[in-house]
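Have a look at start_11.txt below; it lists compact mmCIF, N, CA and C atoms.
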# COMPACT_ATOMS: atom_id res chain seq x y z
N MET A 1 127.75 147.78 125.37
CA MET A 1 127.60 149.17 124.98
C MET A 1 126.46 149.28 123.97
N LEU A 2 125.71 150.34 124.10
CA LEU A 2 124.62 150.65 123.17
C LEU A 2 124.98 151.90 122.39
N VAL A 3 124.87 151.83 121.06
CA VAL A 3 125.05 152.99 120.20
C VAL A 3 123.71 153.21 119.51
N SER A 4 122.99 154.22 119.98
CA SER A 4 121.66 154.49 119.46
C SER A 4 121.27 155.92 119.77
N ALA A 5 120.61 156.55 118.82
CA ALA A 5 120.10 157.90 119.03
C ALA A 5 118.68 157.87 119.60
N ILE A 6 118.13 156.68 119.82
CA ILE A 6 116.74 156.53 120.25
C ILE A 6 116.67 156.46 121.77
N GLU A 7 116.13 157.50 122.38
CA GLU A 7 116.07 157.59 123.84
C GLU A 7 115.29 156.43 124.45
N GLU A 8 114.23 156.00 123.80
CA GLU A 8 113.43 154.87 124.30
C GLU A 8 114.29 153.61 124.45
N ASP A 9 115.20 153.37 123.52
CA ASP A 9 116.11 152.22 123.61
C ASP A 9 117.04 152.36 124.80
N HIS A 10 117.54 153.56 125.04
CA HIS A 10 118.42 153.80 126.18
C HIS A 10 117.70 153.47 127.48
N ARG A 11 116.47 153.93 127.62
CA ARG A 11 115.71 153.68 128.85
C ARG A 11 115.39 152.20 129.01
N PHE A 12 114.86 151.58 127.96
CA PHE A 12 114.45 150.18 128.04
C PHE A 12 115.64 149.27 128.32
N LEU A 13 116.69 149.39 127.53
CA LEU A 13 117.86 148.53 127.73
C LEU A 13 118.56 148.82 129.05
N GLY A 14 118.54 150.08 129.47
CA GLY A 14 119.10 150.42 130.78
C GLY A 14 118.39 149.68 131.89
N ARG A 15 117.05 149.61 131.82
CA ARG A 15 116.28 148.87 132.84
C ARG A 15 116.58 147.38 132.79
N VAL A 16 116.57 146.81 131.59
CA VAL A 16 116.81 145.36 131.44
C VAL A 16 118.20 145.00 131.96
N PHE A 17 119.20 145.76 131.58
CA PHE A 17 120.57 145.46 132.02
C PHE A 17 120.71 145.65 133.53
N SER A 18 120.10 146.69 134.05
CA SER A 18 120.16 146.92 135.50
C SER A 18 119.54 145.76 136.27
N GLN A 19 118.42 145.24 135.79
CA GLN A 19 117.78 144.10 136.44
C GLN A 19 118.67 142.86 136.43
N GLN A 20 119.55 142.75 135.45
CA GLN A 20 120.46 141.61 135.35
C GLN A 20 121.75 141.85 136.14
N GLY A 21 121.92 143.07 136.65
CA GLY A 21 123.15 143.41 137.35
C GLY A 21 124.29 143.70 136.38
N TRP A 22 123.95 144.04 135.14
CA TRP A 22 124.95 144.33 134.11
C TRP A 22 125.11 145.83 133.94
N MET A 23 126.30 146.26 133.54
CA MET A 23 126.55 147.67 133.25
C MET A 23 126.33 147.89 131.75
N LEU A 24 125.66 148.96 131.41
CA LEU A 24 125.44 149.31 130.00
C LEU A 24 125.99 150.71 129.77
N HIS A 25 126.99 150.81 128.90
CA HIS A 25 127.48 152.11 128.46
C HIS A 25 126.56 152.54 127.32
N LYS A 26 125.99 153.74 127.43
CA LYS A 26 125.05 154.21 126.41
C LYS A 26 125.65 155.41 125.69
N THR A 27 125.67 155.33 124.36
CA THR A 27 126.15 156.45 123.54
C THR A 27 125.14 156.70 122.43
N ARG A 28 125.22 157.87 121.86
CA ARG A 28 124.29 158.23 120.80
C ARG A 28 124.95 158.31 119.42
N SER A 29 126.28 158.16 119.40
CA SER A 29 126.98 158.29 118.12
C SER A 29 128.19 157.35 118.08
N LEU A 30 128.65 157.08 116.89
CA LEU A 30 129.85 156.28 116.71
C LEU A 30 131.05 156.97 117.33
N GLU A 31 131.14 158.27 117.16
CA GLU A 31 132.28 159.02 117.70
C GLU A 31 132.37 158.87 119.21
N SER A 32 131.26 159.04 119.91
CA SER A 32 131.31 158.91 121.37
C SER A 32 131.54 157.45 121.79
N ALA A 33 131.02 156.51 121.00
CA ALA A 33 131.26 155.10 121.31
C ALA A 33 132.74 154.76 121.20
N MET A 34 133.39 155.22 120.15
CA MET A 34 134.81 154.91 119.97
C MET A 34 135.66 155.57 121.04
N HIS A 35 135.29 156.76 121.45
CA HIS A 35 136.02 157.41 122.55
C HIS A 35 135.96 156.54 123.81
N LEU A 36 134.77 156.05 124.13
CA LEU A 36 134.62 155.19 125.31
C LEU A 36 135.35 153.86 125.13
N LEU A 37 135.25 153.25 123.96
CA LEU A 37 135.85 151.94 123.72
C LEU A 37 137.37 151.97 123.78
N ARG A 38 137.98 153.09 123.43
CA ARG A 38 139.43 153.19 123.51
C ARG A 38 139.90 153.14 124.95
N CYS A 39 139.08 153.63 125.86
CA CYS A 39 139.43 153.65 127.28
C CYS A 39 138.86 152.47 128.05
N ASN A 40 137.74 151.94 127.61
CA ASN A 40 137.02 150.89 128.32
C ASN A 40 136.58 149.79 127.36
N PRO A 41 137.45 148.82 127.08
CA PRO A 41 137.03 147.74 126.19
C PRO A 41 135.81 147.02 126.74
N VAL A 42 134.86 146.73 125.88
CA VAL A 42 133.68 145.96 126.26
C VAL A 42 133.56 144.77 125.31
N PRO A 43 132.97 143.67 125.77
CA PRO A 43 132.88 142.49 124.93
C PRO A 43 131.78 142.55 123.87
N VAL A 44 130.75 143.40 124.07
CA VAL A 44 129.62 143.42 123.14
C VAL A 44 129.19 144.87 122.90
N VAL A 45 128.97 145.18 121.62
CA VAL A 45 128.42 146.48 121.22
C VAL A 45 127.13 146.21 120.46
N MET A 46 126.08 146.93 120.84
CA MET A 46 124.81 146.86 120.13
C MET A 46 124.59 148.21 119.47
N THR A 47 124.23 148.19 118.19
CA THR A 47 124.00 149.44 117.48
C THR A 47 122.74 149.36 116.63
N GLU A 48 122.13 150.50 116.45
CA GLU A 48 121.02 150.62 115.51
C GLU A 48 121.56 150.41 114.10
N ARG A 49 120.74 149.91 113.22
CA ARG A 49 121.14 149.74 111.83
C ARG A 49 121.54 151.09 111.23
N ASP A 50 120.73 152.11 111.48
CA ASP A 50 121.00 153.45 110.96
C ASP A 50 121.20 154.43 112.10
N LEU A 51 122.29 155.17 112.04
CA LEU A 51 122.61 156.19 113.04
C LEU A 51 122.51 157.56 112.37
N PRO A 52 122.44 158.63 113.17
CA PRO A 52 122.36 159.97 112.56
C PRO A 52 123.52 160.26 111.59
N LEU A 53 124.72 159.80 111.93
CA LEU A 53 125.88 160.03 111.07
C LEU A 53 126.54 158.70 110.75
N GLY A 54 125.87 157.88 109.97
CA GLY A 54 126.45 156.60 109.60
C GLY A 54 125.49 155.46 109.82
N ASN A 55 126.06 154.24 109.83
CA ASN A 55 125.23 153.06 110.04
C ASN A 55 126.05 151.96 110.71
N TRP A 56 125.45 150.79 110.81
CA TRP A 56 126.10 149.70 111.53
C TRP A 56 127.41 149.27 110.89
N LYS A 57 127.54 149.43 109.58
CA LYS A 57 128.80 149.06 108.90
C LYS A 57 129.94 149.97 109.34
N ASP A 58 129.62 151.24 109.61
CA ASP A 58 130.64 152.17 110.12
C ASP A 58 131.08 151.75 111.52
N VAL A 59 130.12 151.31 112.32
CA VAL A 59 130.45 150.83 113.67
C VAL A 59 131.34 149.60 113.56
N LEU A 60 130.96 148.65 112.71
CA LEU A 60 131.74 147.43 112.54
C LEU A 60 133.17 147.75 112.10
N ALA A 61 133.32 148.61 111.11
CA ALA A 61 134.66 148.97 110.63
C ALA A 61 135.48 149.61 111.74
N ALA A 62 134.85 150.46 112.53
CA ALA A 62 135.58 151.15 113.61
C ALA A 62 136.00 150.18 114.72
N ILE A 63 135.11 149.30 115.15
CA ILE A 63 135.48 148.40 116.25
C ILE A 63 136.50 147.36 115.81
N GLN A 64 136.56 147.06 114.52
CA GLN A 64 137.55 146.10 114.04
C GLN A 64 138.97 146.65 114.11
N GLN A 65 139.11 147.94 114.35
CA GLN A 65 140.43 148.56 114.51
C GLN A 65 140.92 148.53 115.96
N LEU A 66 140.06 148.11 116.87
CA LEU A 66 140.43 148.07 118.29
C LEU A 66 141.30 146.86 118.59
N PRO A 67 142.17 146.96 119.60
CA PRO A 67 143.00 145.81 119.99
C PRO A 67 142.15 144.61 120.43
N GLN A 68 141.07 144.88 121.14
CA GLN A 68 140.15 143.82 121.58
C GLN A 68 138.81 144.10 120.92
N VAL A 69 138.52 143.36 119.87
CA VAL A 69 137.32 143.62 119.06
C VAL A 69 136.09 143.01 119.73
N PRO A 70 135.10 143.85 120.06
CA PRO A 70 133.87 143.33 120.64
C PRO A 70 132.97 142.67 119.59
N LYS A 71 132.05 141.84 120.05
CA LYS A 71 131.01 141.29 119.18
C LYS A 71 130.03 142.41 118.88
N LEU A 72 129.48 142.42 117.66
CA LEU A 72 128.54 143.46 117.26
C LEU A 72 127.16 142.87 117.03
N ILE A 73 126.17 143.45 117.70
CA ILE A 73 124.77 143.11 117.52
C ILE A 73 124.10 144.32 116.88
N VAL A 74 123.38 144.08 115.79
CA VAL A 74 122.69 145.15 115.08
C VAL A 74 121.20 145.04 115.39
N THR A 75 120.56 146.18 115.62
CA THR A 75 119.12 146.19 115.86
C THR A 75 118.42 146.98 114.77
N ALA A 76 117.19 146.57 114.50
CA ALA A 76 116.42 147.26 113.46
C ALA A 76 114.94 147.04 113.70
N ARG A 77 114.16 148.05 113.43
CA ARG A 77 112.70 147.93 113.53
C ARG A 77 112.18 147.01 112.44
N GLN A 78 112.85 146.99 111.32
CA GLN A 78 112.44 146.11 110.23
C GLN A 78 113.62 145.20 109.86
N ALA A 79 113.94 144.30 110.75
CA ALA A 79 115.02 143.35 110.48
C ALA A 79 114.49 142.26 109.57
N ASP A 80 115.26 141.96 108.54
CA ASP A 80 114.85 140.91 107.61
C ASP A 80 116.02 139.96 107.37
N GLU A 81 115.78 138.94 106.56
CA GLU A 81 116.82 137.95 106.28
C GLU A 81 118.02 138.56 105.58
N TYR A 82 117.78 139.54 104.72
CA TYR A 82 118.88 140.19 104.01
C TYR A 82 119.83 140.87 105.00
N LEU A 83 119.26 141.64 105.94
CA LEU A 83 120.09 142.33 106.95
C LEU A 83 120.84 141.30 107.79
N TRP A 84 120.15 140.27 108.24
CA TRP A 84 120.77 139.24 109.07
C TRP A 84 121.94 138.60 108.33
N ALA A 85 121.74 138.22 107.07
CA ALA A 85 122.80 137.59 106.28
C ALA A 85 123.96 138.56 106.07
N GLU A 86 123.65 139.81 105.79
CA GLU A 86 124.71 140.80 105.57
C GLU A 86 125.53 141.02 106.83
N VAL A 87 124.87 141.16 107.98
CA VAL A 87 125.58 141.36 109.24
C VAL A 87 126.51 140.18 109.52
N LEU A 88 126.00 138.96 109.40
CA LEU A 88 126.83 137.78 109.68
C LEU A 88 127.97 137.64 108.68
N ASN A 89 127.70 137.87 107.41
CA ASN A 89 128.74 137.73 106.39
C ASN A 89 129.85 138.77 106.51
N LEU A 90 129.54 139.94 107.04
CA LEU A 90 130.55 140.98 107.18
C LEU A 90 131.27 140.94 108.53
N GLY A 91 130.85 140.03 109.43
CA GLY A 91 131.57 139.88 110.69
C GLY A 91 130.82 140.28 111.94
N GLY A 92 129.56 140.69 111.81
CA GLY A 92 128.75 140.98 112.98
C GLY A 92 128.33 139.69 113.66
N TYR A 93 127.82 139.80 114.87
CA TYR A 93 127.43 138.62 115.63
C TYR A 93 125.98 138.21 115.39
N ASP A 94 125.04 139.17 115.45
CA ASP A 94 123.62 138.83 115.32
C ASP A 94 122.82 140.09 115.04
N VAL A 95 121.55 139.88 114.73
CA VAL A 95 120.59 140.96 114.50
C VAL A 95 119.41 140.73 115.43
N LEU A 96 118.97 141.78 116.09
CA LEU A 96 117.77 141.73 116.93
C LEU A 96 116.73 142.68 116.34
N SER A 97 115.52 142.18 116.19
CA SER A 97 114.45 143.05 115.71
C SER A 97 113.82 143.78 116.89
N GLN A 98 113.22 144.90 116.57
CA GLN A 98 112.54 145.69 117.58
C GLN A 98 111.06 145.72 117.26
N PRO A 99 110.18 145.78 118.24
CA PRO A 99 110.51 145.95 119.65
C PRO A 99 111.22 144.70 120.19
N PHE A 100 112.08 144.94 121.19
CA PHE A 100 112.87 143.87 121.76
C PHE A 100 112.01 142.88 122.51
N GLN A 101 112.36 141.61 122.39
CA GLN A 101 111.80 140.54 123.21
C GLN A 101 112.87 140.27 124.27
N VAL A 102 112.54 140.48 125.54
CA VAL A 102 113.55 140.41 126.60
C VAL A 102 114.27 139.07 126.62
N THR A 103 113.55 137.97 126.48
CA THR A 103 114.18 136.65 126.51
C THR A 103 115.22 136.52 125.40
N GLU A 104 114.86 136.91 124.19
CA GLU A 104 115.78 136.83 123.06
C GLU A 104 116.97 137.77 123.27
N LEU A 105 116.70 138.98 123.72
CA LEU A 105 117.74 139.97 123.98
C LEU A 105 118.78 139.42 124.96
N LEU A 106 118.31 138.87 126.07
CA LEU A 106 119.22 138.34 127.08
C LEU A 106 120.01 137.15 126.55
N TRP A 107 119.35 136.29 125.81
CA TRP A 107 120.03 135.11 125.26
C TRP A 107 121.15 135.53 124.31
N VAL A 108 120.84 136.45 123.41
CA VAL A 108 121.84 136.91 122.44
C VAL A 108 123.00 137.59 123.15
N PHE A 109 122.72 138.47 124.10
CA PHE A 109 123.79 139.17 124.81
C PHE A 109 124.66 138.21 125.62
N ARG A 110 124.03 137.30 126.33
CA ARG A 110 124.82 136.34 127.12
C ARG A 110 125.76 135.53 126.23
N ASN A 111 125.25 135.04 125.12
CA ASN A 111 126.07 134.23 124.23
C ASN A 111 127.17 135.04 123.55
N ALA A 112 126.86 136.25 123.13
CA ALA A 112 127.87 137.11 122.52
C ALA A 112 128.96 137.43 123.54
N TRP A 113 128.55 137.77 124.76
CA TRP A 113 129.51 138.09 125.82
C TRP A 113 130.40 136.88 126.10
N ARG A 114 129.79 135.72 126.25
CA ARG A 114 130.55 134.50 126.55
C ARG A 114 131.55 134.19 125.44
N MET A 115 131.13 134.28 124.19
CA MET A 115 132.03 134.01 123.07
C MET A 115 133.19 135.00 123.03
N ARG A 116 132.91 136.28 123.25
CA ARG A 116 133.98 137.29 123.22
C ARG A 116 134.95 137.09 124.37
N GLU A 117 134.42 136.84 125.57
CA GLU A 117 135.29 136.63 126.73
C GLU A 117 136.17 135.40 126.54
N ASP A 118 135.61 134.31 126.01
CA ASP A 118 136.38 133.10 125.75
C ASP A 118 137.49 133.39 124.75
N ALA A 119 137.18 134.13 123.70
CA ALA A 119 138.19 134.45 122.68
C ALA A 119 139.28 135.34 123.27
N TRP A 120 138.92 136.33 124.08
CA TRP A 120 139.92 137.19 124.70
C TRP A 120 140.83 136.38 125.61
N THR A 121 140.25 135.42 126.35
CA THR A 121 141.05 134.56 127.22
C THR A 121 142.03 133.73 126.39
N ARG A 122 141.57 133.15 125.31
CA ARG A 122 142.46 132.37 124.43
C ARG A 122 143.56 133.24 123.87
N GLU A 123 143.23 134.48 123.48
CA GLU A 123 144.24 135.39 122.93
C GLU A 123 145.30 135.72 123.97
N ARG A 124 144.87 135.96 125.21
CA ARG A 124 145.83 136.29 126.28
C ARG A 124 146.70 135.11 126.64
N CYS A 125 146.19 133.89 126.50
CA CYS A 125 146.89 132.69 126.94
C CYS A 125 147.56 131.93 125.81
N SER A 126 147.51 132.45 124.60
CA SER A 126 148.10 131.73 123.46
C SER A 126 149.62 131.85 123.50
N PRO A 127 150.32 130.87 122.90
CA PRO A 127 151.78 130.94 122.83
C PRO A 127 152.21 132.26 122.18
N GLY A 128 153.25 132.82 122.72
CA GLY A 128 153.72 134.10 122.18
C GLY A 128 153.17 135.29 122.94
N ASN A 129 152.15 135.07 123.74
CA ASN A 129 151.58 136.17 124.52
C ASN A 129 151.98 136.06 125.99
N HIS A 130 152.88 135.18 126.31
CA HIS A 130 153.32 135.01 127.70
C HIS A 130 154.50 135.90 127.98
N GLU A 131 154.46 136.56 129.09
CA GLU A 131 155.60 137.34 129.53
C GLU A 131 156.44 136.44 130.44
N LEU A 132 157.73 136.65 130.43
CA LEU A 132 158.62 135.91 131.29
C LEU A 132 158.43 136.39 132.72
N LEU A 133 158.06 135.49 133.59
CA LEU A 133 157.87 135.82 134.99
C LEU A 133 159.04 135.32 135.80
N ILE A 134 159.67 136.18 136.55
CA ILE A 134 160.81 135.82 137.38
C ILE A 134 160.44 136.08 138.81
N SER A 135 160.63 135.08 139.61
CA SER A 135 160.35 135.26 141.05
C SER A 135 161.59 134.90 141.83
N GLU A 136 161.81 135.61 142.88
CA GLU A 136 162.95 135.32 143.74
C GLU A 136 162.52 134.38 144.83
N VAL A 137 163.42 133.46 145.16
CA VAL A 137 163.11 132.49 146.20
C VAL A 137 163.78 132.91 147.48

Could you write out this file's structure as C-alpha cells?
Amino acid sequence: MLVSAIEEDHRFLGRVFSQQGWMLHKTRSLESAMHLLRCNPVPVVMTERDLPLGNWKDVLAAIQQLPQVPKLIVTARQADEYLWAEVLNLGGYDVLSQPFQVTELLWVFRNAWRMREDAWTRERCSPGNHELLISEV
C-alpha cells in the first residue's frame, strides 16, 4: 500500500508494481489507508515522511493497532541518516530516498514482504493459535 499525496509517486509506483505483477493499493491520506487496511490487510505500507494531515509516525502508530501489523517503509526526498535511524528505532522497516531507484525499491519491498509474510505464518502456526479440528471417519 502507498500512502502519499504526490500524484507522480502514484503513477510511478503503479507502473513498477504492475510490471512485477504486484497489486498496489494507493491512498492519499492516513484515514483512507486505515479504512482500507481494516478490510484488506497488506504486508507492506509505504508512506511519505510528511503527509497533508500528519506524518510517517502517525502512520506507524495507526498500523501498530492492527491485528496484522504491516512493515512500514518511509520515503523522503531528503532522506538522511537521522531519518533512517529514527524510522528503524521506532519500529519502521526501512527508508527509501527519492527519486526512487527501481532496483533498490524492488529489493526493499521484496524483503519487507517476505519478512512480514514469514512472521504472519509463524503467528498463525504458533502454539495456542491452533483450532481443534475434528473429522469424521

task: Using atom C of A:Glu31 and atom CA of A:Trp56 as the two end points, give the distance in Å to one decimal.
output: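 Rounded to one decimal, the two atoms are 13.5 Å apart.
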
message: Ranking A:Leu88, A:Leu30, A:Phe100, A:Pro70 by minimum distance to A:Asp58 and counting only N, CA and C atoms, which one comes first?
response: A:Leu30

I need the residues of stretch 2-95 of chain A that end up classed as helix (DSSP H, G or I) by DSSP on the backbone, written out as an mmCIF file with N, CA and C atoms, keeping the file's coordinate frame.
data_model
loop_
_atom_site.group_PDB
_atom_site.id
_atom_site.type_symbol
_atom_site.label_atom_id
_atom_site.label_comp_id
_atom_site.auth_asym_id
_atom_site.auth_seq_id
_atom_site.Cartn_x
_atom_site.Cartn_y
_atom_site.Cartn_z
ATOM 1 N N GLU A 7 116.130 157.500 122.380
ATOM 2 C CA GLU A 7 116.070 157.590 123.840
ATOM 3 C C GLU A 7 115.290 156.430 124.450
ATOM 4 N N GLU A 8 114.230 156.000 123.800
ATOM 5 C CA GLU A 8 113.430 154.870 124.300
ATOM 6 C C GLU A 8 114.290 153.610 124.450
ATOM 7 N N ASP A 9 115.200 153.370 123.520
ATOM 8 C CA ASP A 9 116.110 152.220 123.610
ATOM 9 C C ASP A 9 117.040 152.360 124.800
ATOM 10 N N HIS A 10 117.540 153.560 125.040
ATOM 11 C CA HIS A 10 118.420 153.800 126.180
ATOM 12 C C HIS A 10 117.700 153.470 127.480
ATOM 13 N N ARG A 11 116.470 153.930 127.620
ATOM 14 C CA ARG A 11 115.710 153.680 128.850
ATOM 15 C C ARG A 11 115.390 152.200 129.010
ATOM 16 N N PHE A 12 114.860 151.580 127.960
ATOM 17 C CA PHE A 12 114.450 150.180 128.040
ATOM 18 C C PHE A 12 115.640 149.270 128.320
ATOM 19 N N LEU A 13 116.690 149.390 127.530
ATOM 20 C CA LEU A 13 117.860 148.530 127.730
ATOM 21 C C LEU A 13 118.560 148.820 129.050
ATOM 22 N N GLY A 14 118.540 150.080 129.470
ATOM 23 C CA GLY A 14 119.100 150.420 130.780
ATOM 24 C C GLY A 14 118.390 149.680 131.890
ATOM 25 N N ARG A 15 117.050 149.610 131.820
ATOM 26 C CA ARG A 15 116.280 148.870 132.840
ATOM 27 C C ARG A 15 116.580 147.380 132.790
ATOM 28 N N VAL A 16 116.570 146.810 131.590
ATOM 29 C CA VAL A 16 116.810 145.360 131.440
ATOM 30 C C VAL A 16 118.200 145.000 131.960
ATOM 31 N N PHE A 17 119.200 145.760 131.580
ATOM 32 C CA PHE A 17 120.570 145.460 132.020
ATOM 33 C C PHE A 17 120.710 145.650 133.530
ATOM 34 N N SER A 18 120.100 146.690 134.050
ATOM 35 C CA SER A 18 120.160 146.920 135.500
ATOM 36 C C SER A 18 119.540 145.760 136.270
ATOM 37 N N GLN A 19 118.420 145.240 135.790
ATOM 38 C CA GLN A 19 117.780 144.100 136.440
ATOM 39 C C GLN A 19 118.670 142.860 136.430
ATOM 40 N N GLN A 20 119.550 142.750 135.450
ATOM 41 C CA GLN A 20 120.460 141.610 135.350
ATOM 42 C C GLN A 20 121.750 141.850 136.140
ATOM 43 N N LEU A 30 128.650 157.080 116.890
ATOM 44 C CA LEU A 30 129.850 156.280 116.710
ATOM 45 C C LEU A 30 131.050 156.970 117.330
ATOM 46 N N GLU A 31 131.140 158.270 117.160
ATOM 47 C CA GLU A 31 132.280 159.020 117.700
ATOM 48 C C GLU A 31 132.370 158.870 119.210
ATOM 49 N N SER A 32 131.260 159.040 119.910
ATOM 50 C CA SER A 32 131.310 158.910 121.370
ATOM 51 C C SER A 32 131.540 157.450 121.790
ATOM 52 N N ALA A 33 131.020 156.510 121.000
ATOM 53 C CA ALA A 33 131.260 155.100 121.310
ATOM 54 C C ALA A 33 132.740 154.760 121.200
ATOM 55 N N MET A 34 133.390 155.220 120.150
ATOM 56 C CA MET A 34 134.810 154.910 119.970
ATOM 57 C C MET A 34 135.660 155.570 121.040
ATOM 58 N N HIS A 35 135.290 156.760 121.450
ATOM 59 C CA HIS A 35 136.020 157.410 122.550
ATOM 60 C C HIS A 35 135.960 156.540 123.810
ATOM 61 N N LEU A 36 134.770 156.050 124.130
ATOM 62 C CA LEU A 36 134.620 155.190 125.310
ATOM 63 C C LEU A 36 135.350 153.860 125.130
ATOM 64 N N LEU A 37 135.250 153.250 123.960
ATOM 65 C CA LEU A 37 135.850 151.940 123.720
ATOM 66 C C LEU A 37 137.370 151.970 123.780
ATOM 67 N N ARG A 38 137.980 153.090 123.430
ATOM 68 C CA ARG A 38 139.430 153.190 123.510
ATOM 69 C C ARG A 38 139.900 153.140 124.950
ATOM 70 N N CYS A 39 139.080 153.630 125.860
ATOM 71 C CA CYS A 39 139.430 153.650 127.280
ATOM 72 C C CYS A 39 138.860 152.470 128.050
ATOM 73 N N TRP A 56 125.450 150.790 110.810
ATOM 74 C CA TRP A 56 126.100 149.700 111.530
ATOM 75 C C TRP A 56 127.410 149.270 110.890
ATOM 76 N N LYS A 57 127.540 149.430 109.580
ATOM 77 C CA LYS A 57 128.800 149.060 108.900
ATOM 78 C C LYS A 57 129.940 149.970 109.340
ATOM 79 N N ASP A 58 129.620 151.240 109.610
ATOM 80 C CA ASP A 58 130.640 152.170 110.120
ATOM 81 C C ASP A 58 131.080 151.750 111.520
ATOM 82 N N VAL A 59 130.120 151.310 112.320
ATOM 83 C CA VAL A 59 130.450 150.830 113.670
ATOM 84 C C VAL A 59 131.340 149.600 113.560
ATOM 85 N N LEU A 60 130.960 148.650 112.710
ATOM 86 C CA LEU A 60 131.740 147.430 112.540
ATOM 87 C C LEU A 60 133.170 147.750 112.100
ATOM 88 N N ALA A 61 133.320 148.610 111.110
ATOM 89 C CA ALA A 61 134.660 148.970 110.630
ATOM 90 C C ALA A 61 135.480 149.610 111.740
ATOM 91 N N ALA A 62 134.850 150.460 112.530
ATOM 92 C CA ALA A 62 135.580 151.150 113.610
ATOM 93 C C ALA A 62 136.000 150.180 114.720
ATOM 94 N N ILE A 63 135.110 149.300 115.150
ATOM 95 C CA ILE A 63 135.480 148.400 116.250
ATOM 96 C C ILE A 63 136.500 147.360 115.810
ATOM 97 N N GLU A 81 115.780 138.940 106.560
ATOM 98 C CA GLU A 81 116.820 137.950 106.280
ATOM 99 C C GLU A 81 118.020 138.560 105.580
ATOM 100 N N TYR A 82 117.780 139.540 104.720
ATOM 101 C CA TYR A 82 118.880 140.190 104.010
ATOM 102 C C TYR A 82 119.830 140.870 105.000
ATOM 103 N N LEU A 83 119.260 141.640 105.940
ATOM 104 C CA LEU A 83 120.090 142.330 106.950
ATOM 105 C C LEU A 83 120.840 141.300 107.790
ATOM 106 N N TRP A 84 120.150 140.270 108.240
ATOM 107 C CA TRP A 84 120.770 139.240 109.070
ATOM 108 C C TRP A 84 121.940 138.600 108.330
ATOM 109 N N ALA A 85 121.740 138.220 107.070
ATOM 110 C CA ALA A 85 122.800 137.590 106.280
ATOM 111 C C ALA A 85 123.960 138.560 106.070
ATOM 112 N N GLU A 86 123.650 139.810 105.790
ATOM 113 C CA GLU A 86 124.710 140.800 105.570
ATOM 114 C C GLU A 86 125.530 141.020 106.830
ATOM 115 N N VAL A 87 124.870 141.160 107.980
ATOM 116 C CA VAL A 87 125.580 141.360 109.240
ATOM 117 C C VAL A 87 126.510 140.180 109.520
ATOM 118 N N LEU A 88 126.000 138.960 109.400
ATOM 119 C CA LEU A 88 126.830 137.780 109.680
ATOM 120 C C LEU A 88 127.970 137.640 108.680
ATOM 121 N N ASN A 89 127.700 137.870 107.410
ATOM 122 C CA ASN A 89 128.740 137.730 106.390
ATOM 123 C C ASN A 89 129.850 138.770 106.510
ATOM 124 N N LEU A 90 129.540 139.940 107.040
ATOM 125 C CA LEU A 90 130.550 140.980 107.180
ATOM 126 C C LEU A 90 131.270 140.940 108.530
#

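For A:Ser97, the list of residues within 6 Å, based on only N, CA and C atoms and with local chain neighbours fewer than 5 positions off taken out, reads Thr75, Ala76, Arg77 and Ala79 of chain A.
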
- prompt: For A:Leu66, which residue out of A:Leu37, A:Gly54, A:Tyr93, A:Arg110 is the nearest one, using only N, CA and C atoms?
  reply: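 Between A:Leu37, A:Gly54, A:Tyr93, A:Arg110, the residue approaching A:Leu66 most closely is A:Leu37.
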
query: Expressed in Å to a single decimal, how great is the separation between atom CA of A:Val42 and atom N of A:Glu8?
result: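 We find that atom CA of A:Val42 and atom N of A:Glu8 lie 22.0 Å from each other.
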
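The list of residues with at least one atom within 7 Å of A:Val95, based on only C-alpha atoms and without residues fewer than 6 positions apart in the same chain, reads Ile73, Val74, Thr75 and Trp84 of chain A.
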
Nearest candidate to A:Phe12 (options A:Val45, A:Lys57, A:Asn111, A:Lys26; using only C-alpha atoms):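 Of the candidates, the smallest distance to A:Phe12 is held by A:Lys26.
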
- request: Quick one: pull the distance between atom CA of A:Leu90 and atom CA of A:Glu104, Å, one decimal.
  value: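 One can read the atom CA of A:Leu90 to atom CA of A:Glu104 distance as 22.1 Å.
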